[in-house]
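Presented below is the structure to which this report refers.
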Amino acid sequence: MHENYINGEWVGAGDVNRNLNPSDTRDVVGEYARGDDAQARQAIDAASDALETWATWTSEARADALDRIGDRILADKERLGELLAREEGKALAESIGEVTRAGRVFKFFAGEAIRFGGEFLPSVRPGVSVEVSREPVGVVGIITPWNFPIAIPAWKIAPALAYGNSVVFKPADLVPGCAWALASIVDEVGGLPKGVFNLVMGPGSKVGNALVTSPKVDAITFTGSSETGRRIAAECAVRGAKFQLEMGGKNPLVVLDDADLELAISTAINGAFFSTGQRCTSSSRLIVEKGIHDRFVERMREATQALTVGNALHPDTQIGPVASQAQLDQDLSYIEAAKRAGCRLEAGGERLSLETPGYYLTPALFSQTRNDMPINREEVFGPVATVIEADDYEHALALANDTVYGLSSGICTQSLARATHFKRHSSAGMVMVNLPTAGVDYHVPFGGRKGSSHGPREQGSYAREFFTNVKTSYTLAQGV
């Protein structure tokens, strides 16, 4: 039994979560404790009691702790990558890449713990000085999704700890394995005071709700569905807690007539289908100018059909299984609805039966779609992409921005003028030129606009905006 981690101790629970491998549903990755609201409150109390001690540690001591955690993650990246592939279904190479990113995130924020500072300013009044400093926001509740089970926890936990906060971490119920492995590394090598870091696995209705509603939790950082995000925002607003939300996306990739066709195809394939399309930054809408449209669809069909779908642990697999039966059912329902709406299925969209029983789905590519169709308005969150024909660049830009989301967008073009105009006028928080909409660096801000994000950006030095509070102090000089 893999237990919860509360106040520096491993603690069992009354309920058990059997973690299944989506590449082989006969394979039980492990049995994990499913905590409840009572355990969540215990963890919150522990985090609250430990906060003052941790906040007053030197920045160097916090940096050393984070650096040790990062080193251990990187040293264990092969083992952790295999665990990630088993429990989430991401292809092994991508899984190892995600673990590597998590380790580097911890090491980056080890540096940030020492690097970040304040300002010392002269006042407009004689003899008065002004100091602008940053302090920990307090107890931070961290709620993460299933699609990046170690990278997203890392880029929330590492800055929270770097800036002197204490943490209660609730991972997605579907993927407790990587969360538990990360907690065990923190326990073994971090050297943190008891209660600074806590892991409570369990359902959002109990553990998540306890975090969001507790008066002792000063801030909530959440990545997940838009519906849950709106509920969290409402609860936090009532009690004045800080909140940071990363939610859905319906990201456009614009392909103009002057694009390098092969580059555009590889960009679209990567953005739309890698990680089985289970990324909030995936290129789900391919908006293609009419002059290149037919050639793009033909080459895209060929490239999609050539993708290898299989067991995530097999080295030749490019597209692993969908993460769960529920997610597979959702993907298939969108595919059938698109067919009924008159969209043309160019490739894929079929359930596969392979050597091992799993949630295998061939990547689906649709053409002859309109931007007002549900398949182009709602987040499918699977290996499903659509092509929308655009009359010209201005039409393509308008289609790209015509969505309630605003996370990531991209354009494939050889025109510097068009690329520059698109970067300025795209209504997304992140813009890619001749690159997939999915795939970002860990040292720069991550986040979107409109219905995709709310609150300060994640990652990089911008993370301090959420995980710290600003204090302005005035001093009148007196005496010698």
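We label chains A, B, ... in the order they appear in the structure tokens, count residues from 1 in each chain, and number ligands from 1 in the order shown.
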Using only C-alpha atoms, tabulate the residues of range 225-321 of chain A lying at most 12 Å from any atom of range 394-408 of chain A, each with its closest atom pair and that distance in Å to one decimal, by chain and increasing residue number, as a tab-separated table.
```
residue	atom	partner	partner_atom	distance
A:Ser226	CA	A:Tyr405	CA	9.9
A:Leu245	CA	A:Leu407	CA	11.8
A:Glu246	CA	A:Leu407	CA	8.9
A:Met247	CA	A:Leu407	CA	8.7
A:Gly248	CA	A:Tyr405	CA	6.8
A:Gly249	CA	A:Tyr405	CA	5.3
A:Lys250	CA	A:Tyr405	CA	6.1
A:Asn251	CA	A:Ser408	CA	5.5
A:Pro252	CA	A:Ala400	CA	5.4
A:Leu253	CA	A:Ala400	CA	7.7
A:Val254	CA	A:Ala396	CA	6.6
A:Val255	CA	A:Ala396	CA	8.5
A:Leu256	CA	A:Ala396	CA	8.5
A:Asp257	CA	A:Ala396	CA	11.2
A:Gly271	CA	A:Ser408	CA	10.7
A:Arg279	CA	A:Ser408	CA	11.0
A:Cys280	CA	A:Leu407	CA	7.9
A:Thr281	CA	A:Ser408	CA	5.8
A:Ser282	CA	A:Ser408	CA	8.2
A:Ser283	CA	A:Ser408	CA	8.5
A:Ser284	CA	A:Ser408	CA	10.7
A:Arg285	CA	A:Ala400	CA	8.2
A:Leu286	CA	A:Ala400	CA	9.1
A:Ile287	CA	A:Ala396	CA	6.3
A:Val288	CA	A:Ala396	CA	7.3
A:Glu289	CA	A:Ala396	CA	7.0
A:Lys290	CA	A:Ala396	CA	9.9
```
Could you give me, as an mmCIF file with N, CA, C and O atoms, in the first residue's frame, the residues within 9 Å of Phe446 in chain A, counting only C-alpha atoms and dropping anything in the same chain fewer than 3 positions from it?
```cif
data_model
loop_
_atom_site.group_PDB
_atom_site.id
_atom_site.type_symbol
_atom_site.label_atom_id
_atom_site.label_comp_id
_atom_site.auth_asym_id
_atom_site.auth_seq_id
_atom_site.Cartn_x
_atom_site.Cartn_y
_atom_site.Cartn_z
ATOM 1 N N LEU A 407 -5.300 29.870 -24.772
ATOM 2 C CA LEU A 407 -4.070 29.362 -24.161
ATOM 3 C C LEU A 407 -2.880 29.483 -25.107
ATOM 4 O O LEU A 407 -1.946 30.231 -24.861
ATOM 5 N N GLY A 429 -2.302 33.429 -24.855
ATOM 6 C CA GLY A 429 -1.223 33.804 -23.957
ATOM 7 C C GLY A 429 0.142 33.356 -24.432
ATOM 8 O O GLY A 429 1.160 33.903 -24.002
ATOM 9 N N MET A 430 0.182 32.331 -25.302
ATOM 10 C CA MET A 430 1.445 31.845 -25.860
ATOM 11 C C MET A 430 1.278 31.674 -27.363
ATOM 12 O O MET A 430 0.273 31.129 -27.819
ATOM 13 N N VAL A 440 6.633 23.733 -24.349
ATOM 14 C CA VAL A 440 7.093 25.032 -23.846
ATOM 15 C C VAL A 440 8.295 24.825 -22.927
ATOM 16 O O VAL A 440 8.524 23.739 -22.406
ATOM 17 N N ASP A 441 9.071 25.878 -22.738
ATOM 18 C CA ASP A 441 10.238 25.836 -21.858
ATOM 19 C C ASP A 441 9.816 26.044 -20.410
ATOM 20 O O ASP A 441 8.763 26.630 -20.133
ATOM 21 N N TYR A 442 10.668 25.604 -19.483
ATOM 22 C CA TYR A 442 10.308 25.673 -18.062
ATOM 23 C C TYR A 442 10.770 26.963 -17.385
ATOM 24 O O TYR A 442 10.418 27.214 -16.239
ATOM 25 N N ARG A 457 0.895 34.136 -14.035
ATOM 26 C CA ARG A 457 1.467 33.061 -14.840
ATOM 27 C C ARG A 457 2.213 32.037 -13.979
ATOM 28 O O ARG A 457 2.711 32.331 -12.891
ATOM 29 N N GLU A 458 2.300 30.834 -14.515
ATOM 30 C CA GLU A 458 3.106 29.787 -13.904
ATOM 31 C C GLU A 458 4.488 29.778 -14.542
ATOM 32 O O GLU A 458 4.701 30.290 -15.632
ATOM 33 N N GLN A 459 5.442 29.159 -13.841
ATOM 34 C CA GLN A 459 6.795 28.866 -14.305
ATOM 35 C C GLN A 459 7.668 30.125 -14.421
ATOM 36 O O GLN A 459 7.188 31.254 -14.465
ATOM 37 N N GLY A 460 8.974 29.865 -14.479
ATOM 38 C CA GLY A 460 9.934 30.940 -14.605
ATOM 39 C C GLY A 460 9.871 31.907 -13.421
ATOM 40 O O GLY A 460 9.242 31.644 -12.396
ATOM 41 N N TYR A 462 8.235 34.487 -13.219
ATOM 42 C CA TYR A 462 6.878 35.012 -13.053
ATOM 43 C C TYR A 462 6.102 34.256 -11.975
ATOM 44 O O TYR A 462 5.100 34.748 -11.468
#
```
* Asked: Residues at most 12 Å from Thr362 in chain A, counting only C-alpha atoms, excluding those fewer than 5 positions away in the same chain, as a PyMOL selection string?
  -> chain A and resi 273-274+276-277+304-310+318-322+328+331-332+335+345-354+382-385
* To do: Could you tell me which of A:Ser453, A:Thr53, A:Asn434, A:Thr468 comes closest to Ala264 in chain A if we count only C-alpha atoms?
  =>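 Residue with the minimum atom-to-atom distance to Ala264 in chain A: A:Asn434.
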* **8 Å contact set for Asp260 in chain A, only C-alpha atoms, chain neighbours under 3 positions out, as a list in words** => Leu263, Ala264, Cys412, Thr413 and Gln414 of chain A
For the residues in the current selection, export all heavy atoms as a PDB file, in the first residue's frame.
```
ATOM      1  N   LEU A 263       7.287  21.124 -43.073  1.00  0.00           N
ATOM      2  CA  LEU A 263       7.411  21.648 -41.723  1.00  0.00           C
ATOM      3  C   LEU A 263       6.036  21.816 -41.088  1.00  0.00           C
ATOM      4  O   LEU A 263       5.837  21.499 -39.906  1.00  0.00           O
ATOM      5  CB  LEU A 263       8.152  22.992 -41.745  1.00  0.00           C
ATOM      6  CG  LEU A 263       8.269  23.712 -40.394  1.00  0.00           C
ATOM      7  CD1 LEU A 263       9.047  22.864 -39.394  1.00  0.00           C
ATOM      8  CD2 LEU A 263       8.915  25.084 -40.563  1.00  0.00           C
ATOM      9  N   ALA A 264       5.076  22.291 -41.872  1.00  0.00           N
ATOM     10  CA  ALA A 264       3.714  22.468 -41.352  1.00  0.00           C
ATOM     11  C   ALA A 264       3.105  21.127 -40.944  1.00  0.00           C
ATOM     12  O   ALA A 264       2.428  21.032 -39.904  1.00  0.00           O
ATOM     13  CB  ALA A 264       2.843  23.149 -42.395  1.00  0.00           C
ATOM     14  N   CYS A 412       2.183  28.761 -39.225  1.00  0.00           N
ATOM     15  CA  CYS A 412       3.238  28.278 -40.109  1.00  0.00           C
ATOM     16  C   CYS A 412       3.270  29.186 -41.324  1.00  0.00           C
ATOM     17  O   CYS A 412       2.301  29.243 -42.096  1.00  0.00           O
ATOM     18  CB  CYS A 412       2.989  26.828 -40.528  1.00  0.00           C
ATOM     19  SG  CYS A 412       3.180  25.632 -39.190  1.00  0.00           S
ATOM     20  N   THR A 413       4.346  29.894 -41.498  1.00  0.00           N
ATOM     21  CA  THR A 413       4.494  30.846 -42.598  1.00  0.00           C
ATOM     22  C   THR A 413       5.964  31.165 -42.789  1.00  0.00           C
ATOM     23  O   THR A 413       6.763  31.023 -41.857  1.00  0.00           O
ATOM     24  CB  THR A 413       3.718  32.147 -42.308  1.00  0.00           C
ATOM     25  OG1 THR A 413       3.868  33.049 -43.406  1.00  0.00           O
ATOM     26  CG2 THR A 413       4.208  32.824 -41.039  1.00  0.00           C
ATOM     27  N   GLN A 414       6.319  31.601 -43.998  1.00  0.00           N
ATOM     28  CA  GLN A 414       7.666  32.086 -44.262  1.00  0.00           C
ATOM     29  C   GLN A 414       7.711  33.605 -44.334  1.00  0.00           C
ATOM     30  O   GLN A 414       8.745  34.188 -44.670  1.00  0.00           O
ATOM     31  CB  GLN A 414       8.204  31.473 -45.564  1.00  0.00           C
ATOM     32  CG  GLN A 414       8.316  29.956 -45.499  1.00  0.00           C
ATOM     33  CD  GLN A 414       8.944  29.353 -46.733  1.00  0.00           C
ATOM     34  OE1 GLN A 414      10.130  29.534 -47.001  1.00  0.00           O
ATOM     35  NE2 GLN A 414       8.142  28.627 -47.507  1.00  0.00           N
TER      36      GLN A 414
END
```
* Hey, which of A:Leu74, A:Ala419, A:Ile220, A:Val132 ends up closest to Gln244 in chain A? Count only C-alpha atoms. ->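 Closest residue, counting only C-alpha atoms: A:Ile220.
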* Asked: DSSP says helix (DSSP H, G or I) for which residues of range 318-387 of chain A? Put them as a list of chain:residue names?
  -> A:Gln325, A:Ala326, A:Gln327, A:Leu328, A:Asp329, A:Gln330, A:Asp331, A:Leu332, A:Ser333, A:Tyr334, A:Ile335, A:Glu336, A:Ala337, A:Ala338, A:Lys339, A:Arg340, A:Pro374, A:Ile375, A:Asn376, A:Arg377
* For range 99-112 of chain A, please output as number ranges by chain all residues within 10 Å (counting only C-alpha atoms; exclusion window: fewer than 5 positions along the same chain). => A: 59-82, 84, 94, 117, 148-163, 178, 182, 441-443, 459-461, 463-464
Could you take the residues named above and write them with C-alpha atoms, as an mmCIF file, in the first residue's frame?
```
data_model
loop_
_atom_site.group_PDB
_atom_site.id
_atom_site.type_symbol
_atom_site.label_atom_id
_atom_site.label_comp_id
_atom_site.auth_asym_id
_atom_site.auth_seq_id
_atom_site.Cartn_x
_atom_site.Cartn_y
_atom_site.Cartn_z
ATOM 1 C CA SER A 59 17.242 31.097 0.980
ATOM 2 C CA GLU A 60 20.377 28.985 0.580
ATOM 3 C CA ALA A 61 18.970 26.200 2.757
ATOM 4 C CA ARG A 62 15.753 26.138 0.722
ATOM 5 C CA ALA A 63 17.801 26.177 -2.482
ATOM 6 C CA ASP A 64 19.890 23.223 -1.348
ATOM 7 C CA ALA A 65 16.780 21.196 -0.529
ATOM 8 C CA LEU A 66 15.219 21.829 -3.939
ATOM 9 C CA ASP A 67 18.498 21.094 -5.708
ATOM 10 C CA ARG A 68 18.742 17.701 -3.964
ATOM 11 C CA ILE A 69 15.198 16.850 -5.043
ATOM 12 C CA GLY A 70 15.976 17.847 -8.635
ATOM 13 C CA ASP A 71 19.153 15.753 -8.657
ATOM 14 C CA ARG A 72 17.312 12.661 -7.432
ATOM 15 C CA ILE A 73 14.543 13.039 -10.025
ATOM 16 C CA LEU A 74 17.105 13.301 -12.817
ATOM 17 C CA ALA A 75 19.091 10.346 -11.478
ATOM 18 C CA ASP A 76 15.894 8.242 -11.470
ATOM 19 C CA LYS A 77 14.445 9.504 -14.748
ATOM 20 C CA GLU A 78 14.425 6.095 -16.468
ATOM 21 C CA ARG A 79 12.575 4.398 -13.611
ATOM 22 C CA LEU A 80 10.186 7.293 -13.094
ATOM 23 C CA GLY A 81 9.607 7.572 -16.850
ATOM 24 C CA GLU A 82 8.580 3.921 -16.988
ATOM 25 C CA LEU A 84 4.672 7.477 -15.820
ATOM 26 C CA GLU A 94 7.864 11.412 -23.869
ATOM 27 C CA GLY A 117 14.772 39.991 -4.297
ATOM 28 C CA PHE A 148 1.208 15.517 -16.844
ATOM 29 C CA PRO A 149 1.458 13.599 -13.563
ATOM 30 C CA ILE A 150 4.957 14.749 -12.571
ATOM 31 C CA ALA A 151 5.779 17.884 -14.591
ATOM 32 C CA ILE A 152 2.769 19.951 -13.522
ATOM 33 C CA PRO A 153 3.156 19.012 -9.839
ATOM 34 C CA ALA A 154 6.835 19.975 -10.107
ATOM 35 C CA TRP A 155 6.182 23.400 -11.569
ATOM 36 C CA LYS A 156 3.709 24.155 -8.761
ATOM 37 C CA ILE A 157 5.458 22.524 -5.796
ATOM 38 C CA ALA A 158 8.982 23.775 -6.563
ATOM 39 C CA PRO A 159 8.165 27.522 -6.629
ATOM 40 C CA ALA A 160 5.824 27.195 -3.662
ATOM 41 C CA LEU A 161 8.677 25.747 -1.595
ATOM 42 C CA ALA A 162 11.344 28.031 -3.061
ATOM 43 C CA TYR A 163 9.509 31.134 -1.867
ATOM 44 C CA CYS A 178 4.033 9.632 -9.967
ATOM 45 C CA LEU A 182 7.682 12.477 -6.033
ATOM 46 C CA ASP A 441 10.238 25.836 -21.858
ATOM 47 C CA TYR A 442 10.308 25.673 -18.062
ATOM 48 C CA HIS A 443 12.122 28.979 -17.431
ATOM 49 C CA GLN A 459 6.795 28.866 -14.305
ATOM 50 C CA GLY A 460 9.934 30.940 -14.605
ATOM 51 C CA SER A 461 10.529 34.023 -12.480
ATOM 52 C CA ALA A 463 5.844 32.267 -10.600
ATOM 53 C CA ARG A 464 6.779 34.567 -7.722
#
```
* Give the strand (DSSP E) residues of range 150-230 of chain A, as DSSP finds them on the backbone, and put them as a list in words. =>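 Matching residues, listed in order: Ser166, Val167, Val168, Phe169, Lys170, Phe197, Asn198, Leu199, Ala219, Ile220, Thr221, Phe222 and Thr223 of chain A.
With only C-alpha atoms as the atoms that count, the residue of A:Ser133, A:Val140, A:Ala179, A:Asp187 with the shortest distance to Glu9 in chain A is A:Asp187.
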* Structure fact -> note - CA of Arg449 in chain A and CA of Phe422 in chain A are separated by 15.7 Å
* Grab the CA of Ala46 in chain A to CA of Val196 in chain A distance for me, in Å with one decimal place. => 7.5 Å
* To do: Fewer than 4 positions away in the same chain doesn't count, so skip those; otherwise give me all residues within 10 Å of Ala210 in chain A, counting only C-alpha atoms, as number ranges by chain.
  => A: 36-41, 44, 141, 204-206, 214-215, 217
Dump of N, CA, C and O atoms for the selected residues, as an mmCIF file, in the first residue's frame:
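Ended up saving to selection-v4.cif:
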```cif
data_model
loop_
_atom_site.group_PDB
_atom_site.id
_atom_site.type_symbol
_atom_site.label_atom_id
_atom_site.label_comp_id
_atom_site.auth_asym_id
_atom_site.auth_seq_id
_atom_site.Cartn_x
_atom_site.Cartn_y
_atom_site.Cartn_z
ATOM 1 N N ASP A 36 -9.482 11.266 2.644
ATOM 2 C CA ASP A 36 -10.768 11.953 2.684
ATOM 3 C C ASP A 36 -10.580 13.357 3.232
ATOM 4 O O ASP A 36 -9.439 13.823 3.408
ATOM 5 N N ASP A 37 -11.686 14.031 3.509
ATOM 6 C CA ASP A 37 -11.590 15.411 3.970
ATOM 7 C C ASP A 37 -10.921 15.503 5.339
ATOM 8 O O ASP A 37 -10.228 16.488 5.636
ATOM 9 N N ALA A 38 -11.081 14.484 6.185
ATOM 10 C CA ALA A 38 -10.445 14.507 7.497
ATOM 11 C C ALA A 38 -8.925 14.481 7.365
ATOM 12 O O ALA A 38 -8.212 15.230 8.059
ATOM 13 N N GLN A 39 -8.423 13.612 6.483
ATOM 14 C CA GLN A 39 -6.975 13.574 6.267
ATOM 15 C C GLN A 39 -6.481 14.871 5.638
ATOM 16 O O GLN A 39 -5.387 15.353 5.951
ATOM 17 N N ALA A 40 -7.270 15.437 4.748
ATOM 18 C CA ALA A 40 -6.890 16.722 4.149
ATOM 19 C C ALA A 40 -6.752 17.788 5.227
ATOM 20 O O ALA A 40 -5.803 18.590 5.211
ATOM 21 N N ARG A 41 -7.672 17.802 6.173
ATOM 22 C CA ARG A 41 -7.601 18.803 7.247
ATOM 23 C C ARG A 41 -6.373 18.570 8.131
ATOM 24 O O ARG A 41 -5.749 19.530 8.601
ATOM 25 N N ILE A 44 -3.541 20.051 6.238
ATOM 26 C CA ILE A 44 -3.618 21.516 6.277
ATOM 27 C C ILE A 44 -3.116 22.039 7.615
ATOM 28 O O ILE A 44 -2.345 23.013 7.678
ATOM 29 N N GLY A 141 -2.543 25.142 -1.389
ATOM 30 C CA GLY A 141 -3.163 23.912 -1.857
ATOM 31 C C GLY A 141 -2.880 23.721 -3.334
ATOM 32 O O GLY A 141 -3.135 24.622 -4.137
ATOM 33 N N GLY A 204 -11.433 14.506 -5.620
ATOM 34 C CA GLY A 204 -11.572 15.949 -5.511
ATOM 35 C C GLY A 204 -12.754 16.372 -4.683
ATOM 36 O O GLY A 204 -12.717 17.411 -4.006
ATOM 37 N N SER A 205 -13.827 15.571 -4.703
ATOM 38 C CA SER A 205 -15.029 15.916 -3.944
ATOM 39 C C SER A 205 -14.770 15.964 -2.448
ATOM 40 O O SER A 205 -15.491 16.644 -1.709
ATOM 41 N N LYS A 206 -13.737 15.270 -1.994
ATOM 42 C CA LYS A 206 -13.406 15.262 -0.563
ATOM 43 C C LYS A 206 -12.114 16.030 -0.284
ATOM 44 O O LYS A 206 -12.117 17.049 0.403
ATOM 45 N N SER A 214 -10.970 25.481 3.102
ATOM 46 C CA SER A 214 -10.347 25.674 4.410
ATOM 47 C C SER A 214 -9.873 27.109 4.619
ATOM 48 O O SER A 214 -9.151 27.653 3.769
ATOM 49 N N PRO A 215 -10.200 27.723 5.743
ATOM 50 C CA PRO A 215 -9.707 29.077 6.017
ATOM 51 C C PRO A 215 -8.210 29.121 6.277
ATOM 52 O O PRO A 215 -7.607 30.200 6.259
ATOM 53 N N VAL A 217 -5.995 27.598 4.320
ATOM 54 C CA VAL A 217 -5.298 27.530 3.032
ATOM 55 C C VAL A 217 -5.349 28.913 2.401
ATOM 56 O O VAL A 217 -6.415 29.421 2.065
#
```
* In terms of the shortest atom-to-atom distance over only C-alpha atoms, which of A:Val380, A:Val137, A:Ala259, A:Ala323 is closest to Thr221 in chain A? ->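 Distance minimum relative to Thr221 in chain A lands on A:Val137.
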With a distance cut-off of 12 Å and only C-alpha atoms, select the neighbouring residues of Glu262 in chain A, excluding the residue or stretch itself and same-chain residues fewer than 3 positions from it, and output the selection as a PDB file with N, CA, C and O atoms, in the first residue's frame.
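Dumped everything to around-v9.pdb:
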```pdb
ATOM      1  N   VAL A 255      -2.050  27.649 -40.943  1.00  0.00           N
ATOM      2  CA  VAL A 255      -1.101  27.277 -41.987  1.00  0.00           C
ATOM      3  C   VAL A 255      -1.407  28.140 -43.213  1.00  0.00           C
ATOM      4  O   VAL A 255      -2.482  28.023 -43.811  1.00  0.00           O
ATOM      5  N   ASP A 258       2.051  30.232 -47.974  1.00  0.00           N
ATOM      6  CA  ASP A 258       3.495  30.292 -48.192  1.00  0.00           C
ATOM      7  C   ASP A 258       4.273  29.390 -47.228  1.00  0.00           C
ATOM      8  O   ASP A 258       5.507  29.405 -47.217  1.00  0.00           O
ATOM      9  N   ALA A 259       3.582  28.592 -46.429  1.00  0.00           N
ATOM     10  CA  ALA A 259       4.260  27.748 -45.430  1.00  0.00           C
ATOM     11  C   ALA A 259       5.079  26.654 -46.105  1.00  0.00           C
ATOM     12  O   ALA A 259       4.746  26.173 -47.194  1.00  0.00           O
ATOM     13  N   ILE A 265       3.350  20.091 -41.730  1.00  0.00           N
ATOM     14  CA  ILE A 265       2.812  18.762 -41.406  1.00  0.00           C
ATOM     15  C   ILE A 265       3.424  18.227 -40.114  1.00  0.00           C
ATOM     16  O   ILE A 265       2.713  17.760 -39.208  1.00  0.00           O
ATOM     17  N   SER A 266       4.740  18.292 -39.995  1.00  0.00           N
ATOM     18  CA  SER A 266       5.378  17.778 -38.779  1.00  0.00           C
ATOM     19  C   SER A 266       4.960  18.588 -37.556  1.00  0.00           C
ATOM     20  O   SER A 266       4.775  18.036 -36.466  1.00  0.00           O
ATOM     21  N   THR A 267       4.773  19.899 -37.738  1.00  0.00           N
ATOM     22  CA  THR A 267       4.323  20.758 -36.641  1.00  0.00           C
ATOM     23  C   THR A 267       2.911  20.379 -36.206  1.00  0.00           C
ATOM     24  O   THR A 267       2.617  20.286 -35.006  1.00  0.00           O
ATOM     25  N   ALA A 268       2.037  20.146 -37.176  1.00  0.00           N
ATOM     26  CA  ALA A 268       0.653  19.791 -36.869  1.00  0.00           C
ATOM     27  C   ALA A 268       0.554  18.408 -36.233  1.00  0.00           C
ATOM     28  O   ALA A 268      -0.197  18.212 -35.267  1.00  0.00           O
ATOM     29  N   ILE A 269       1.300  17.449 -36.752  1.00  0.00           N
ATOM     30  CA  ILE A 269       1.276  16.095 -36.201  1.00  0.00           C
ATOM     31  C   ILE A 269       1.733  16.104 -34.748  1.00  0.00           C
ATOM     32  O   ILE A 269       1.093  15.511 -33.863  1.00  0.00           O
ATOM     33  N   ILE A 292      -3.324  26.203 -50.050  1.00  0.00           N
ATOM     34  CA  ILE A 292      -2.524  25.045 -49.663  1.00  0.00           C
ATOM     35  C   ILE A 292      -3.392  23.961 -49.028  1.00  0.00           C
ATOM     36  O   ILE A 292      -2.922  22.864 -48.727  1.00  0.00           O
ATOM     37  N   ARG A 295      -3.538  20.172 -50.532  1.00  0.00           N
ATOM     38  CA  ARG A 295      -2.255  19.481 -50.377  1.00  0.00           C
ATOM     39  C   ARG A 295      -1.978  19.191 -48.895  1.00  0.00           C
ATOM     40  O   ARG A 295      -1.456  18.119 -48.560  1.00  0.00           O
ATOM     41  N   PHE A 296      -2.328  20.123 -48.033  1.00  0.00           N
ATOM     42  CA  PHE A 296      -2.126  19.917 -46.602  1.00  0.00           C
ATOM     43  C   PHE A 296      -2.958  18.737 -46.108  1.00  0.00           C
ATOM     44  O   PHE A 296      -2.446  17.873 -45.381  1.00  0.00           O
ATOM     45  N   VAL A 297      -4.220  18.675 -46.485  1.00  0.00           N
ATOM     46  CA  VAL A 297      -5.091  17.582 -46.032  1.00  0.00           C
ATOM     47  C   VAL A 297      -4.550  16.240 -46.520  1.00  0.00           C
ATOM     48  O   VAL A 297      -4.506  15.260 -45.759  1.00  0.00           O
ATOM     49  N   GLU A 298      -4.121  16.185 -47.767  1.00  0.00           N
ATOM     50  CA  GLU A 298      -3.601  14.930 -48.309  1.00  0.00           C
ATOM     51  C   GLU A 298      -2.368  14.462 -47.543  1.00  0.00           C
ATOM     52  O   GLU A 298      -2.268  13.304 -47.141  1.00  0.00           O
ATOM     53  N   ARG A 299      -1.412  15.394 -47.340  1.00  0.00           N
ATOM     54  CA  ARG A 299      -0.184  15.013 -46.630  1.00  0.00           C
ATOM     55  C   ARG A 299      -0.465  14.738 -45.154  1.00  0.00           C
ATOM     56  O   ARG A 299       0.149  13.855 -44.553  1.00  0.00           O
ATOM     57  N   MET A 300      -1.397  15.458 -44.577  1.00  0.00           N
ATOM     58  CA  MET A 300      -1.740  15.249 -43.183  1.00  0.00           C
ATOM     59  C   MET A 300      -2.392  13.877 -42.993  1.00  0.00           C
ATOM     60  O   MET A 300      -2.122  13.175 -42.008  1.00  0.00           O
ATOM     61  N   GLU A 302      -1.831  11.205 -44.819  1.00  0.00           N
ATOM     62  CA  GLU A 302      -0.765  10.210 -44.922  1.00  0.00           C
ATOM     63  C   GLU A 302       0.065  10.141 -43.644  1.00  0.00           C
ATOM     64  O   GLU A 302       0.380   9.054 -43.145  1.00  0.00           O
ATOM     65  N   ALA A 303       0.408  11.298 -43.105  1.00  0.00           N
ATOM     66  CA  ALA A 303       1.236  11.337 -41.903  1.00  0.00           C
ATOM     67  C   ALA A 303       0.490  10.791 -40.690  1.00  0.00           C
ATOM     68  O   ALA A 303       1.074  10.110 -39.839  1.00  0.00           O
ATOM     69  N   CYS A 412       2.183  28.761 -39.225  1.00  0.00           N
ATOM     70  CA  CYS A 412       3.238  28.278 -40.109  1.00  0.00           C
ATOM     71  C   CYS A 412       3.270  29.186 -41.324  1.00  0.00           C
ATOM     72  O   CYS A 412       2.301  29.243 -42.096  1.00  0.00           O
ATOM     73  N   THR A 413       4.346  29.894 -41.498  1.00  0.00           N
ATOM     74  CA  THR A 413       4.494  30.846 -42.598  1.00  0.00           C
ATOM     75  C   THR A 413       5.964  31.165 -42.789  1.00  0.00           C
ATOM     76  O   THR A 413       6.763  31.023 -41.857  1.00  0.00           O
ATOM     77  N   ASN A 434       6.039  28.608 -36.577  1.00  0.00           N
ATOM     78  CA  ASN A 434       6.672  27.427 -37.173  1.00  0.00           C
ATOM     79  C   ASN A 434       7.087  26.399 -36.109  1.00  0.00           C
ATOM     80  O   ASN A 434       8.067  25.674 -36.270  1.00  0.00           O
TER      81      ASN A 434
END
```
